[in-house]
Structure formats: C-alpha cells, structure tokens
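What follows is structure.csv (CSV, C-alpha atoms and all ligand atoms).
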chain,number,residue,atom,x,y,z
A,7,MET,CA,74.0,156.3,130.6
A,8,LYS,CA,76.5,155.0,128.0
A,9,THR,CA,76.0,151.5,126.5
A,10,PRO,CA,78.9,148.9,126.2
A,11,ALA,CA,78.9,149.5,122.4
A,12,GLU,CA,79.5,153.3,122.9
A,13,ILE,CA,82.3,152.6,125.5
A,14,ILE,CA,83.9,150.1,123.1
A,15,ARG,CA,83.6,152.6,120.1
A,16,ARG,CA,85.3,155.3,122.1
A,17,GLU,CA,88.1,153.0,123.2
A,18,ILE,CA,88.7,151.9,119.6
A,19,ALA,CA,88.8,155.5,118.5
A,20,GLU,CA,91.4,156.3,121.2
A,21,ARG,CA,93.6,153.1,121.0
A,22,GLY,CA,92.9,151.5,117.6
A,23,VAL,CA,92.1,147.8,117.2
A,24,LEU,CA,91.2,146.3,120.6
A,25,PRO,CA,92.2,142.8,121.5
A,26,PHE,CA,89.0,140.7,121.7
A,27,ALA,CA,89.6,140.1,125.4
A,28,ARG,CA,89.1,143.9,126.1
A,29,PHE,CA,85.9,143.9,123.9
A,30,MET,CA,84.6,140.9,125.9
A,31,GLU,CA,85.5,142.6,129.2
A,32,LEU,CA,83.6,145.7,128.3
A,33,ALA,CA,80.6,143.9,126.7
A,34,LEU,CA,80.1,141.8,129.8
A,35,TYR,CA,81.4,143.9,132.7
A,36,ALA,CA,81.4,147.7,131.8
A,37,PRO,CA,80.3,149.3,135.1
A,38,ASP,CA,76.5,149.7,135.3
A,39,CYS,CA,75.8,148.7,131.7
A,40,GLY,CA,77.7,145.5,130.9
A,41,TYR,CA,75.8,142.2,130.2
A,42,TYR,CA,76.4,140.9,133.7
A,43,GLU,CA,76.1,144.3,135.4
A,44,ALA,CA,72.8,145.4,134.0
A,45,GLN,CA,70.8,142.2,133.8
A,46,LYS,CA,70.0,139.9,136.7
A,47,GLU,CA,67.8,137.5,134.8
A,48,ASN,CA,70.1,136.4,132.1
A,49,VAL,CA,70.5,132.9,133.6
A,50,GLY,CA,67.6,130.5,133.4
A,51,ARG,CA,64.4,130.1,131.5
A,52,ARG,CA,63.6,133.8,131.1
A,53,GLY,CA,67.3,134.6,130.2
A,54,ASP,CA,69.7,133.6,127.6
A,55,PHE,CA,71.1,130.3,128.9
A,56,TYR,CA,70.7,127.6,131.5
A,57,THR,CA,73.3,126.6,134.1
A,58,SER,CA,73.2,123.6,136.5
A,59,VAL,CA,71.9,126.0,139.1
A,60,SER,CA,68.9,127.0,137.0
A,61,VAL,CA,67.9,123.3,136.6
A,62,GLY,CA,66.7,123.3,140.2
A,63,ASN,CA,67.8,123.0,143.8
A,64,LEU,CA,69.4,119.5,143.4
A,65,PHE,CA,72.7,120.7,142.1
A,66,GLY,CA,73.3,122.9,145.2
A,67,GLU,CA,72.0,120.2,147.5
A,68,LEU,CA,74.4,117.6,146.2
A,69,LEU,CA,77.3,120.0,146.4
A,70,ALA,CA,76.2,120.9,150.0
A,71,PHE,CA,76.3,117.2,150.9
A,72,GLN,CA,79.8,116.8,149.4
A,73,PHE,CA,81.0,120.0,151.0
A,74,ALA,CA,79.7,118.8,154.4
A,75,GLU,CA,81.7,115.5,154.0
A,76,TRP,CA,84.9,117.4,153.2
A,77,LEU,CA,84.3,120.0,155.9
A,78,GLU,CA,83.7,117.2,158.5
A,79,GLU,CA,87.2,116.0,157.8
A,80,LEU,CA,88.6,119.5,158.5
A,81,ARG,CA,86.4,120.0,161.5
A,82,ILE,CA,88.3,117.2,163.2
A,83,ALA,CA,91.4,119.4,162.7
A,84,ASN,CA,89.5,121.9,164.8
A,85,CYS,CA,89.9,125.0,162.7
A,86,GLU,CA,87.3,127.7,161.7
A,87,LEU,CA,85.7,126.7,158.4
A,88,GLN,CA,84.7,128.7,155.4
A,89,ILE,CA,82.8,128.0,152.2
A,90,VAL,CA,83.9,130.6,149.6
A,91,GLU,CA,81.9,131.1,146.3
A,92,ALA,CA,82.7,133.3,143.3
A,93,GLY,CA,80.6,133.9,140.3
A,94,THR,CA,77.6,133.9,142.6
A,95,HIS,CA,75.5,136.0,140.3
A,96,ASP,CA,72.0,136.3,141.9
A,97,GLY,CA,72.9,134.1,145.0
A,98,LYS,CA,70.7,131.2,144.1
A,99,LEU,CA,73.4,128.5,144.4
A,100,ALA,CA,74.5,129.9,147.7
A,101,ALA,CA,70.9,129.8,149.0
A,102,ASP,CA,70.5,126.2,147.9
A,103,ILE,CA,73.7,125.1,149.7
A,104,LEU,CA,73.0,127.1,152.9
A,105,ASN,CA,69.4,125.8,153.0
A,106,TRP,CA,70.5,122.2,152.8
A,107,LEU,CA,73.2,122.6,155.4
A,108,GLN,CA,70.9,124.4,157.8
A,109,SER,CA,68.3,121.7,157.6
A,110,ASN,CA,70.5,118.6,157.3
A,111,ARG,CA,73.8,119.5,159.1
A,112,PRO,CA,72.8,122.2,161.7
A,113,GLU,CA,75.9,121.7,163.8
A,114,LEU,CA,78.2,122.2,160.9
A,115,PHE,CA,76.1,125.1,159.6
A,116,ALA,CA,76.5,126.9,162.9
A,117,GLN,CA,80.3,126.6,162.5
A,118,ILE,CA,80.8,127.9,159.0
A,119,GLU,CA,81.1,131.3,157.4
A,120,TYR,CA,80.0,131.6,153.8
A,121,PHE,CA,82.1,134.1,151.8
A,122,VAL,CA,81.1,135.5,148.5
A,123,ILE,CA,83.9,137.0,146.3
A,124,GLU,CA,82.1,139.6,144.3
A,125,PRO,CA,83.8,142.6,142.7
A,126,SER,CA,80.6,144.2,141.5
A,127,ALA,CA,78.6,146.4,143.9
A,128,ARG,CA,75.5,145.8,141.8
A,129,ARG,CA,75.7,142.0,142.0
A,130,GLN,CA,76.4,142.2,145.7
A,131,GLU,CA,73.1,143.9,146.1
A,132,TRP,CA,71.2,141.1,144.3
A,133,GLN,CA,73.0,138.5,146.4
A,134,ARG,CA,72.3,140.3,149.7
A,135,GLU,CA,68.6,140.3,148.8
A,136,THR,CA,68.6,136.5,148.0
A,137,LEU,CA,70.7,135.6,151.0
A,138,LYS,CA,68.9,137.7,153.6
A,139,PRO,CA,67.7,134.6,155.5
A,140,PHE,CA,71.3,133.7,156.1
A,141,ALA,CA,72.6,137.2,156.8
A,142,PRO,CA,74.6,136.4,159.9
A,143,ARG,CA,76.5,133.6,158.2
A,144,VAL,CA,77.4,135.4,154.9
A,145,ARG,CA,80.2,137.9,154.2
A,146,TRP,CA,81.2,139.6,151.0
A,147,LEU,CA,84.7,140.4,149.7
A,148,SER,CA,85.4,142.2,146.5
A,149,ARG,CA,88.6,140.3,145.9
A,150,PHE,CA,90.6,137.5,147.5
A,151,ASN,CA,93.5,139.3,149.0
A,152,ASP,CA,91.4,141.4,151.2
A,153,SER,CA,93.3,142.8,154.3
A,154,THR,CA,90.5,141.8,156.7
A,155,VAL,CA,90.7,138.1,155.9
A,156,GLN,CA,93.7,135.7,156.2
A,157,ARG,CA,93.6,132.5,154.1
A,158,PHE,CA,90.6,130.2,154.0
A,159,ASN,CA,90.2,126.8,155.6
A,160,GLY,CA,87.5,124.9,153.8
A,161,ILE,CA,86.2,125.1,150.3
A,162,ILE,CA,86.6,127.7,147.5
A,163,PHE,CA,84.4,127.0,144.5
A,164,SER,CA,82.6,128.3,141.5
A,165,ASN,CA,80.2,127.2,138.9
A,166,GLU,CA,80.4,128.6,135.4
A,167,LEU,CA,82.7,131.4,136.4
A,168,LEU,CA,85.9,130.8,134.4
A,169,ASP,CA,84.0,130.5,131.0
A,170,ALA,CA,82.7,134.0,131.6
A,171,MET,CA,86.2,135.5,131.9
A,172,PRO,CA,87.6,137.5,128.9
A,173,VAL,CA,89.6,135.4,126.4
A,174,HIS,CA,92.3,136.4,123.9
A,175,ARG,CA,91.7,134.8,120.5
A,176,PHE,CA,94.6,133.6,118.4
A,177,GLY,CA,94.7,132.4,114.8
A,178,TRP,CA,97.4,130.3,113.1
A,179,ASP,CA,98.9,131.7,109.9
A,180,ALA,CA,99.9,128.5,108.1
A,181,LYS,CA,101.9,130.5,105.4
A,182,THR,CA,104.2,132.4,107.8
A,183,LYS,CA,103.9,129.7,110.5
A,184,LYS,CA,103.1,132.3,113.2
A,185,TRP,CA,100.2,133.0,115.5
A,186,PHE,CA,98.4,136.3,115.3
A,187,GLU,CA,95.7,137.7,117.5
A,188,TRP,CA,92.1,138.6,116.6
A,189,GLY,CA,91.1,142.1,117.6
A,190,VAL,CA,88.0,144.2,117.0
A,191,ALA,CA,87.8,147.3,114.8
A,192,ILE,CA,85.0,149.4,113.3
A,193,GLU,CA,84.0,149.3,109.7
A,194,CYS,CA,80.9,151.1,108.2
A,195,GLY,CA,79.8,151.7,111.8
A,196,LYS,CA,79.9,148.0,112.7
A,197,PHE,CA,82.3,146.0,114.9
A,198,VAL,CA,84.4,143.7,112.7
A,199,TRP,CA,87.3,141.3,113.3
A,200,ALA,CA,90.7,142.7,112.6
A,201,LYS,CA,94.1,140.9,112.7
A,202,ILE,CA,96.7,142.0,115.2
A,203,GLN,CA,100.0,140.6,113.7
A,204,LYS,CA,101.9,140.9,117.0
A,205,PRO,CA,99.8,139.2,119.7
A,206,GLN,CA,99.1,141.6,122.7
A,207,SER,CA,98.9,138.8,125.2
A,208,ASP,CA,101.6,136.2,125.8
A,209,LEU,CA,100.8,133.0,124.1
A,210,PRO,CA,100.3,130.3,126.7
A,211,SER,CA,102.8,127.4,126.9
A,212,SER,CA,100.1,124.9,125.8
A,213,ILE,CA,100.0,126.8,122.4
A,214,LEU,CA,103.7,127.8,122.2
A,215,ASN,CA,105.0,124.3,122.8
A,216,LEU,CA,102.9,122.6,120.2
A,217,PRO,CA,105.1,120.0,118.4
A,218,SER,CA,106.1,121.0,114.9
A,219,SER,CA,104.4,117.8,113.6
A,220,LEU,CA,101.1,119.2,114.7
A,221,LEU,CA,101.8,122.8,113.5
A,222,ASP,CA,102.7,121.4,110.1
A,223,VAL,CA,99.1,120.1,109.7
A,224,LEU,CA,97.2,122.8,111.5
A,225,PRO,CA,94.8,124.4,109.0
A,226,ASP,CA,95.3,128.0,108.1
A,227,ASN,CA,93.4,130.3,110.5
A,228,TYR,CA,92.9,127.6,113.1
A,229,ILE,CA,91.6,129.4,116.2
A,230,VAL,CA,92.3,128.9,119.8
A,231,GLU,CA,91.4,131.0,122.9
A,232,ASN,CA,93.3,131.7,126.0
A,233,SER,CA,92.2,133.4,129.2
A,234,PRO,CA,95.0,134.9,131.3
A,235,ALA,CA,92.2,136.3,133.5
A,236,ALA,CA,90.9,132.8,134.4
A,237,GLU,CA,94.4,131.5,135.1
A,238,SER,CA,95.3,134.4,137.4
A,239,TRP,CA,91.9,134.2,139.1
A,240,TRP,CA,92.7,130.5,139.8
A,241,CYS,CA,96.1,131.3,141.0
A,242,GLU,CA,94.8,133.9,143.5
A,243,ALA,CA,92.1,131.5,144.7
A,244,ALA,CA,94.8,128.8,145.2
A,245,ASN,CA,97.0,131.2,147.2
A,246,SER,CA,94.1,132.1,149.4
A,247,LEU,CA,93.5,128.4,150.4
A,248,GLN,CA,95.3,127.5,153.6
A,249,THR,CA,93.7,124.0,153.9
A,250,GLY,CA,90.9,122.3,152.0
A,251,LYS,CA,89.7,122.2,148.4
A,252,LEU,CA,89.5,124.5,145.4
A,253,LEU,CA,87.0,123.3,142.8
A,254,THR,CA,85.2,124.5,139.7
A,255,MET,CA,82.5,123.2,137.5
A,256,ASP,CA,82.4,124.5,133.9
A,257,TYR,CA,82.3,123.4,130.3
A,258,GLY,CA,85.8,123.1,129.0
A,259,LEU,CA,88.5,121.1,127.3
A,260,ALA,CA,90.9,118.4,128.5
A,261,ALA,CA,94.5,118.3,127.2
A,262,ASP,CA,93.7,115.9,124.3
A,263,GLU,CA,90.7,118.0,123.2
A,264,LEU,CA,92.5,121.4,122.9
A,265,PHE,CA,93.6,120.9,119.3
A,266,SER,CA,90.8,118.9,117.8
A,267,PRO,CA,90.8,118.8,114.0
A,268,ALA,CA,87.0,119.0,114.2
A,269,ARG,CA,87.0,122.4,115.9
A,270,THR,CA,88.9,124.8,113.7
A,271,ASN,CA,86.9,127.9,114.8
A,272,GLY,CA,87.6,127.9,118.5
A,273,THR,CA,85.0,127.7,121.3
A,274,LEU,CA,84.0,131.3,121.6
A,275,ARG,CA,80.2,131.6,121.4
A,276,ALA,CA,77.5,134.2,121.9
A,277,TYR,CA,74.0,133.3,123.3
A,278,PHE,CA,70.8,135.2,123.1
A,279,ARG,CA,67.5,133.8,124.4
A,280,HIS,CA,68.8,130.2,124.4
A,281,HIS,CA,70.1,130.3,120.8
A,282,LEU,CA,73.6,130.6,119.4
A,283,ALA,CA,73.9,134.1,118.0
A,284,ASP,CA,75.3,134.4,114.5
A,285,ASP,CA,77.5,137.5,115.2
A,286,ILE,CA,79.7,137.4,118.2
A,287,LEU,CA,80.5,141.1,117.9
A,288,ALA,CA,76.9,142.3,117.4
A,289,ASN,CA,74.6,143.3,120.3
A,290,ALA,CA,77.6,144.1,122.6
A,291,GLY,CA,76.3,144.0,126.2
A,292,GLY,CA,73.0,142.4,125.1
A,293,GLN,CA,74.1,138.8,124.6
A,294,ASP,CA,76.3,136.4,126.6
A,295,LEU,CA,79.8,135.7,125.5
A,296,THR,CA,81.5,132.6,126.6
A,297,ALA,CA,84.4,130.3,125.8
A,298,HIS,CA,85.4,126.8,126.9
A,299,VAL,CA,87.8,126.7,129.9
A,300,ASN,CA,91.3,125.5,129.1
A,301,PHE,CA,91.4,123.0,132.0
A,302,PRO,CA,95.1,121.9,131.6
A,303,ALA,CA,96.1,125.6,131.9
A,304,ILE,CA,94.0,126.0,135.1
A,305,GLN,CA,95.3,122.8,136.5
A,306,ILE,CA,98.9,123.9,136.0
A,307,ALA,CA,98.1,127.3,137.6
A,308,GLY,CA,96.9,125.5,140.7
A,309,GLU,CA,99.7,123.1,140.9
A,310,ASP,CA,102.2,125.9,140.5
A,311,ALA,CA,100.6,127.5,143.5
A,312,GLY,CA,101.3,124.3,145.5
A,313,LEU,CA,97.9,122.5,145.1
A,314,LYS,CA,97.5,118.8,144.5
A,315,THR,CA,95.1,117.8,141.7
A,316,GLU,CA,92.6,115.3,143.2
A,317,LEU,CA,90.1,115.0,140.4
A,318,PHE,CA,89.4,116.1,136.9
A,319,SER,CA,86.3,114.5,135.5
A,320,THR,CA,82.9,115.0,133.9
A,321,GLN,CA,80.0,116.4,135.8
A,322,THR,CA,78.3,113.0,135.2
A,323,LYS,CA,80.9,111.1,137.2
A,324,PHE,CA,81.3,113.7,139.9
A,325,LEU,CA,77.6,114.0,140.7
A,326,THR,CA,77.0,110.2,140.3
A,327,GLN,CA,79.7,109.6,142.9
A,328,ILE,CA,78.0,112.1,145.3
A,329,LEU,CA,74.6,110.5,144.6
A,330,GLU,CA,76.0,107.0,145.5
A,331,ASN,CA,77.5,108.4,148.8
A,332,THR,CA,74.1,110.0,149.7
A,333,LEU,CA,72.4,106.6,149.1
A,334,ARG,CA,75.1,104.8,151.1
A,335,LYS,CA,74.8,107.2,154.0
A,336,LYS,CA,70.9,107.4,153.8
A,337,SER,CA,71.3,111.1,154.6
A,338,PHE,CA,69.6,112.6,151.7
A,339,GLN,CA,65.9,113.0,151.1
A,340,TRP,CA,65.0,112.2,147.5
A,341,ASN,CA,61.8,113.3,145.9
A,342,PRO,CA,60.5,112.6,142.4
A,343,GLY,CA,61.6,116.1,141.1
A,344,HIS,CA,65.1,115.2,142.0
A,345,ALA,CA,65.3,112.3,139.5
A,346,ARG,CA,64.3,114.6,136.7
A,347,GLN,CA,66.9,117.2,137.7
A,348,PHE,CA,69.6,114.6,138.1
A,349,GLN,CA,69.0,113.4,134.6
A,350,THR,CA,69.4,116.9,133.2
A,351,LEU,CA,72.5,117.5,135.2
A,352,THR,CA,74.2,114.2,134.2
A,353,HIS,CA,72.9,113.2,130.8
A,354,PRO,CA,75.6,113.4,128.2
A,355,GLU,CA,73.3,115.3,125.8
A,356,HIS,CA,72.5,117.9,128.5
A,357,LEU,CA,75.0,119.1,131.1
A,358,GLY,CA,76.8,115.8,131.9
A,359,ARG,CA,79.6,115.4,129.4
A,360,ALA,CA,80.5,118.9,128.3
A,361,PHE,CA,80.7,120.0,131.9
A,362,ARG,CA,83.9,119.1,133.7
A,363,VAL,CA,84.9,119.3,137.4
A,364,LEU,CA,88.4,120.1,138.6
A,365,VAL,CA,89.1,119.6,142.3
A,366,GLN,CA,92.5,120.5,143.8
A,367,SER,CA,93.5,120.5,147.4
A,368,ARG,CA,96.0,121.8,150.0
L,401,LIG,C1,77.7,132.3,133.7
L,401,LIG,S1,77.4,133.2,135.1
L,401,LIG,C2,77.2,131.9,136.3
L,401,LIG,C3,76.3,132.2,137.4
L,401,LIG,C4,76.1,131.1,138.5
L,401,LIG,N1,77.3,130.7,139.1
L,401,LIG,C5,75.4,129.9,137.9
L,401,LIG,O1,76.0,128.9,137.7
L,401,LIG,O2,74.2,130.0,137.6
L,401,LIG,C6,79.0,133.9,135.5
L,401,LIG,C7,79.0,134.8,136.7
L,401,LIG,O3,80.3,135.1,137.1
L,401,LIG,C8,80.4,136.5,137.4
L,401,LIG,N2,81.8,136.9,137.4
L,401,LIG,C9,82.6,137.2,136.3
L,401,LIG,N3,83.9,137.5,136.7
L,401,LIG,C10,83.9,137.4,138.0
L,401,LIG,C11,84.9,137.6,139.0
L,401,LIG,N4,86.2,138.0,138.7
L,401,LIG,N5,84.6,137.4,140.3
L,401,LIG,C12,83.3,137.1,140.7
L,401,LIG,N6,82.3,136.9,139.8
L,401,LIG,C13,82.6,137.0,138.5
L,401,LIG,C14,79.5,137.1,136.4
L,401,LIG,O4,79.2,138.4,136.7
L,401,LIG,C15,78.3,136.2,136.4
L,401,LIG,O5,77.5,136.6,137.4
Would you mind giving the structure from this file in structure tokens?
Ligand SMILES: C[S@@+](CC[C@H](N)C(=O)[O-])C[C@H]1O[C@@H](n2cnc3c(N)ncnc32)[C@H](O)[C@@H]1O
Amino acid sequence: MKTPAEIIRREIAERGVLPFARFMELALYAPDCGYYEAQKENVGRRGDFYTSVSVGNLFGELLAFQFAEWLEELRIANCELQIVEAGTHDGKLAADILNWLQSNRPELFAQIEYFVIEPSARRQEWQRETLKPFAPRVRWLSRFNDSTVQRFNGIIFSNELLDAMPVHRFGWDAKTKKWFEWGVAIECGKFVWAKIQKPQSDLPSSILNLPSSLLDVLPDNYIVENSPAAESWWCEAANSLQTGKLLTMDYGLAADELFSPARTNGTLRAYFRHHLADDILANAGGQDLTAHVNFPAIQIAGEDAGLKTELFSTQTKFLTQILENTLRKKSFQWNPGHARQFQTLTHPEHLGRAFRVLVQSR
C-alpha cells in the first residue's frame, strides 16, 4: 500500500508545486493511508491530541441535555426529529449523547433518528462498531445532499471538524503589497515550502477587504490561512437544515483576532503524541495537521444560506449556561468525576477559552 508521502511526491512530480491545502488533504485523508483513515486512536491519551470528547462522558451528556431542550421545542411543532453529527471519528460522542437521551429522555429518544455524515467507509465501520447498541436509531450518509433524505428538522452539529479541513496558506509580500500562496515542493528528497506567486485559491473577502491602514503595517510574510472546504461544508449543512439549529465547537478566531500582531506565523500546527511538531511538512500522514477556524467566514456562510446567528461564544460560557440550566431543572445526575471534567472543559488554560461555539438557526 502507498503512503501519503508517496502519493504527495507523485502528485508534485506530475503537477509541480502543490497548494498546501492539497498536501493537507492527502496527508490527512488519502484513501486507506491518510492520518484520519489509517488510525483510529489518534484522539485521546494514547493518540496525538485531546478533544472535549476524550475528556470524558460529560461533554456529550451536557450537549444531550441542551439538544433535548431544543428538540422539545420542535416536538411541539410535531415534526420528525433528527440529530445529525459530522466528524464523528470513532463514534464516542454519538454514544455519549445517545446513552444520555435513552436513560434520561426515553420518550424523546424513541422519536429521534441520529444521522452520521461520514464520507469515509473505513470510519463508518469504526462508528458502526461503537454505536451497535443504538443500531435501529442510527443512519449513515456519506454526504449531505443524499437523494434518500430530504432536509433535516432538529440539530446538525460537529466538534472539532472544521479545524481538520484543508487550509490554503497565504503570505503577505510587504514590498509588492500582494498576497502570495504557500505551496509544497521537494528539495533534496524532503518536502519544503515554496511560494506560489499567483494564489490558486480565491482570497476570502476577510483578507481581500483589509483596510490599507492595516496592510501598510502588516509585517512582511505575515501568514493567514483560509479553508474554502470548511466554508462550503458549513454552507451545505445550512442548506440541509429545514428547521432547528446548526452548531459547531472548535478552536478558532473571532473577527478582532484574525489579524493579531502577535501571531505573524498563522495558526497552522502539527501535533504528534501531544506535542507540537517542529516540521509541519515532515511525517506526512503520521501527525495531525490543524488550523484555527475562521469563525467570521463560517458565520457569513451560514447567514448567506439564510440562517440566523444565535450565539458565538466561548466553550466556557456555553457549557456553564447549560450547567446552570441542568441545576435549575434538577434533571441531571452529577457525580464527583463530572466536576473534574467540567473544569477541564471550561478552564481558560485548558479547553475553555480557545474553544468557541457557533450556533445558528432556521
Ligand atoms: C479532530 S477529529 C475530531 C473527532 C471528534 N469529533 C472529537 O471531537 O473527538 C476530526 C474528525 O473529522 C473527520 N472529518 C474530516 N472531514 C470530514 C468531513 N468532510 N465529513 C465528516 N467527517 C470529516 C476526520 O476524519 C476526523 O475523524
């Protein structure tokens, strides 16, 4: 079987310098051998990075409580209800949510269908194994606009999905006052960064429309990323929502953080065994690649598709609000382990501040 590095080498030999987004796509998702295709255990203690899901069951349980509250409102409207998850990976978050609903809201549980949007046959297999106990309630689709399903009523959501989508990487040339794109070439057998003078992806309006007063002081080679894949995924998700909420939790930037003078080198990172890897282009397919989500761009994509933005906040505020509601309604069984997990999920030094939550609705 070929490795991602071999596939990337062949493509560079055929096409020349590759936009970084294509490098990232092949490193993470090349069929059978990409980072997220070949490895199931890359999330969590034994993997390369933690997510809110790997902290424990509490994250899924709090989401389940909030989803139940939202779905109860739609149940009054008497329509069939769906929870739709993407970026499901090994299915753990889905299992935490379904478990909680089955035990705590059995009537609602009996009324919902849980959809997983999963393009990879390999990952679908992992998820089917984890979600066996809920088999009659769960359905898989490889994409949103599947001919067997109309639009969804309920909740479409993801956790740490958009940050795993390929990004284009742009650099600012202060001399010529033009943006160029960073691509990947091969030198002495190694992958190296190479400038593409004419960007291969359209620059997003958040970059193109920067005021000249900011461009005048932007340092040479200031780097920003953009993910057209994340924006078009959000747009498809928004168009698939007939009634209900579309939400995502991820680390990312708000409008006033996009061009911070303190971050000249962009947000693209590689992780291996819980450490930042020095070389983003090394170990293709063997390390995680990720970049902060450009939340203003995602928010606009949803609004352009007719959604209303209800909330953009930190994970701390979002989960604390849910916690307060569970206490008010006395409908949540707290145990000592929950307190520890809550602290990790919400503490600013852990997952609380860097993680943002965007909720839109139709
Ligand atoms: C960082 S992991 C997050 C896993 C899990 N949601 C969690 O929070 O632990 C990102 C996951 O999104 C998946 N993914 C990437 N692009 C996708 C897409 N277009 N549709 C569905 N899943 C995708 C990846 O394969 C990977 O399993």
Could you give me the residues within 8 Å of ligand LIG 401 (chain L), counting all atoms listed in the file, as a PyMOL selection string? chain A and resi 34-35+42-43+49-50+56-60+92-99+123-126+129+148-149+164-171+239
File of the preceding selection, C-alpha atoms, as an mmCIF file, in the frame of the given file:
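Saved result, part_31.cif, follows:
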data_model
loop_
_atom_site.group_PDB
_atom_site.id
_atom_site.type_symbol
_atom_site.label_atom_id
_atom_site.label_comp_id
_atom_site.auth_asym_id
_atom_site.auth_seq_id
_atom_site.Cartn_x
_atom_site.Cartn_y
_atom_site.Cartn_z
ATOM 1 C CA LEU A 34 80.100 141.800 129.800
ATOM 2 C CA TYR A 35 81.400 143.900 132.700
ATOM 3 C CA TYR A 42 76.400 140.900 133.700
ATOM 4 C CA GLU A 43 76.100 144.300 135.400
ATOM 5 C CA VAL A 49 70.500 132.900 133.600
ATOM 6 C CA GLY A 50 67.600 130.500 133.400
ATOM 7 C CA TYR A 56 70.700 127.600 131.500
ATOM 8 C CA THR A 57 73.300 126.600 134.100
ATOM 9 C CA SER A 58 73.200 123.600 136.500
ATOM 10 C CA VAL A 59 71.900 126.000 139.100
ATOM 11 C CA SER A 60 68.900 127.000 137.000
ATOM 12 C CA ALA A 92 82.700 133.300 143.300
ATOM 13 C CA GLY A 93 80.600 133.900 140.300
ATOM 14 C CA THR A 94 77.600 133.900 142.600
ATOM 15 C CA HIS A 95 75.500 136.000 140.300
ATOM 16 C CA ASP A 96 72.000 136.300 141.900
ATOM 17 C CA GLY A 97 72.900 134.100 145.000
ATOM 18 C CA LYS A 98 70.700 131.200 144.100
ATOM 19 C CA LEU A 99 73.400 128.500 144.400
ATOM 20 C CA ILE A 123 83.900 137.000 146.300
ATOM 21 C CA GLU A 124 82.100 139.600 144.300
ATOM 22 C CA PRO A 125 83.800 142.600 142.700
ATOM 23 C CA SER A 126 80.600 144.200 141.500
ATOM 24 C CA ARG A 129 75.700 142.000 142.000
ATOM 25 C CA SER A 148 85.400 142.200 146.500
ATOM 26 C CA ARG A 149 88.600 140.300 145.900
ATOM 27 C CA SER A 164 82.600 128.300 141.500
ATOM 28 C CA ASN A 165 80.200 127.200 138.900
ATOM 29 C CA GLU A 166 80.400 128.600 135.400
ATOM 30 C CA LEU A 167 82.700 131.400 136.400
ATOM 31 C CA LEU A 168 85.900 130.800 134.400
ATOM 32 C CA ASP A 169 84.000 130.500 131.000
ATOM 33 C CA ALA A 170 82.700 134.000 131.600
ATOM 34 C CA MET A 171 86.200 135.500 131.900
ATOM 35 C CA TRP A 239 91.900 134.200 139.100
#
Stretch 22-92 of chain A near stretch 188-212 of chain A within 10 Å: what's each residue's closest atom pair and its distance in Å to one decimal, counting only C-alpha atoms, ordered by chain then ascending residue number, as CSV?
residue,atom,partner,partner_atom,distance
A:Gly22,CA,A:Ala191,CA,7.2
A:Val23,CA,A:Ala191,CA,4.9
A:Leu24,CA,A:Gly189,CA,5.2
A:Pro25,CA,A:Gly189,CA,4.1
A:Phe26,CA,A:Gly189,CA,4.8
A:Ala27,CA,A:Gly189,CA,8.2
A:Arg28,CA,A:Gly189,CA,8.9
A:Phe29,CA,A:Val190,CA,7.2
I'd like the contact shell of A:Trp178 - 10 Å cut-off, all atoms listed in the file, skipping same-chain residues fewer than 6 positions apart - returned as an MDAnalysis selection string. chainID A and resid 184:187 221 224:230
Output file for the selection above: C-alpha atoms, as an mmCIF file, in the coordinates of the input:
data_model
loop_
_atom_site.group_PDB
_atom_site.id
_atom_site.type_symbol
_atom_site.label_atom_id
_atom_site.label_comp_id
_atom_site.auth_asym_id
_atom_site.auth_seq_id
_atom_site.Cartn_x
_atom_site.Cartn_y
_atom_site.Cartn_z
ATOM 1 C CA LYS A 184 103.100 132.300 113.200
ATOM 2 C CA TRP A 185 100.200 133.000 115.500
ATOM 3 C CA PHE A 186 98.400 136.300 115.300
ATOM 4 C CA GLU A 187 95.700 137.700 117.500
ATOM 5 C CA LEU A 221 101.800 122.800 113.500
ATOM 6 C CA LEU A 224 97.200 122.800 111.500
ATOM 7 C CA PRO A 225 94.800 124.400 109.000
ATOM 8 C CA ASP A 226 95.300 128.000 108.100
ATOM 9 C CA ASN A 227 93.400 130.300 110.500
ATOM 10 C CA TYR A 228 92.900 127.600 113.100
ATOM 11 C CA ILE A 229 91.600 129.400 116.200
ATOM 12 C CA VAL A 230 92.300 128.900 119.800
#
d(atom CA of A:Glu91, atom CA of A:Ala261) in Å: 26.2 Å
Using only C-alpha atoms, determine which residues lie at most 12 Å from stretch 332-346 of chain A, disregarding the query and same-chain residues fewer than 3 positions distant; provide the list as a PyMOL selection string. chain A and resi 61-72+74-75+106-107+109-111+325-329+349-353
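Using all atoms listed in the file, the shortest contact distance between A:Leu80 and any of A:Gln248, A:Asn215, A:Thr154, A:Gln45 is found at A:Gln248.
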Neighbours of A:Glu263 within 12 Å (all atoms listed in the file; same-chain residues fewer than 6 positions away dropped), as a PyMOL selection string? chain A and resi 212+230+269-270+272-273+298-302+360
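Using only C-alpha atoms for every distance, the candidate list A:Arg52, A:Arg368, A:Lys46, A:His356 yields A:Arg368 as the residue closest to A:Leu252.
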Take atom CA of A:Asn151 and atom CA of A:Asp102 and report the distance between them in Å, one decimal. 26.5 Å
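Nearest to A:Ser246 of all the residues A:Phe158, A:Trp146, A:Tyr120, A:Phe115 is A:Phe158, counting all atoms listed in the file.
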How many Å lie between atom CA of A:Phe55 and atom CA of A:His280, rounded to one decimal?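 Between these atoms lies a distance of 5.1 Å.
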Ranking A:Asp285, A:Glu12, A:Glu119, A:Asp38 by minimum distance to A:Ile89 and counting all atoms listed in the file, which one comes first?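 Of all the options, A:Glu119 lies closest to A:Ile89.
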Mind writing stretch 16-22 of chain A to a file for me, with N, CA, C and O atoms, as a CSV table (one decimal), in the first residue's frame?
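Once everything was written out, this is result-v1.csv:
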chain,number,residue,atom,x,y,z
A,16,ARG,N,4.3,11.8,-5.9
A,16,ARG,CA,3.9,11.6,-7.3
A,16,ARG,C,3.1,12.8,-7.8
A,16,ARG,O,3.3,13.2,-8.9
A,17,GLU,N,2.2,13.3,-6.9
A,17,GLU,CA,1.4,14.5,-7.4
A,17,GLU,C,2.3,15.7,-7.7
A,17,GLU,O,2.1,16.4,-8.7
A,18,ILE,N,3.3,15.9,-6.9
A,18,ILE,CA,4.2,17.0,-7.1
A,18,ILE,C,5.0,16.8,-8.4
A,18,ILE,O,5.2,17.7,-9.2
A,19,ALA,N,5.4,15.5,-8.6
A,19,ALA,CA,6.2,15.2,-9.9
A,19,ALA,C,5.3,15.5,-11.1
A,19,ALA,O,5.8,16.0,-12.1
A,20,GLU,N,4.0,15.2,-11.0
A,20,GLU,CA,3.1,15.4,-12.1
A,20,GLU,C,2.6,16.9,-12.3
A,20,GLU,O,2.5,17.4,-13.4
A,21,ARG,N,2.4,17.6,-11.2
A,21,ARG,CA,1.7,18.9,-11.2
A,21,ARG,C,2.7,20.0,-10.9
A,21,ARG,O,2.3,21.2,-11.1
A,22,GLY,N,3.8,19.8,-10.3
A,22,GLY,CA,4.6,20.8,-9.8
A,22,GLY,C,4.2,21.2,-8.4
A,22,GLY,O,3.5,20.4,-7.7
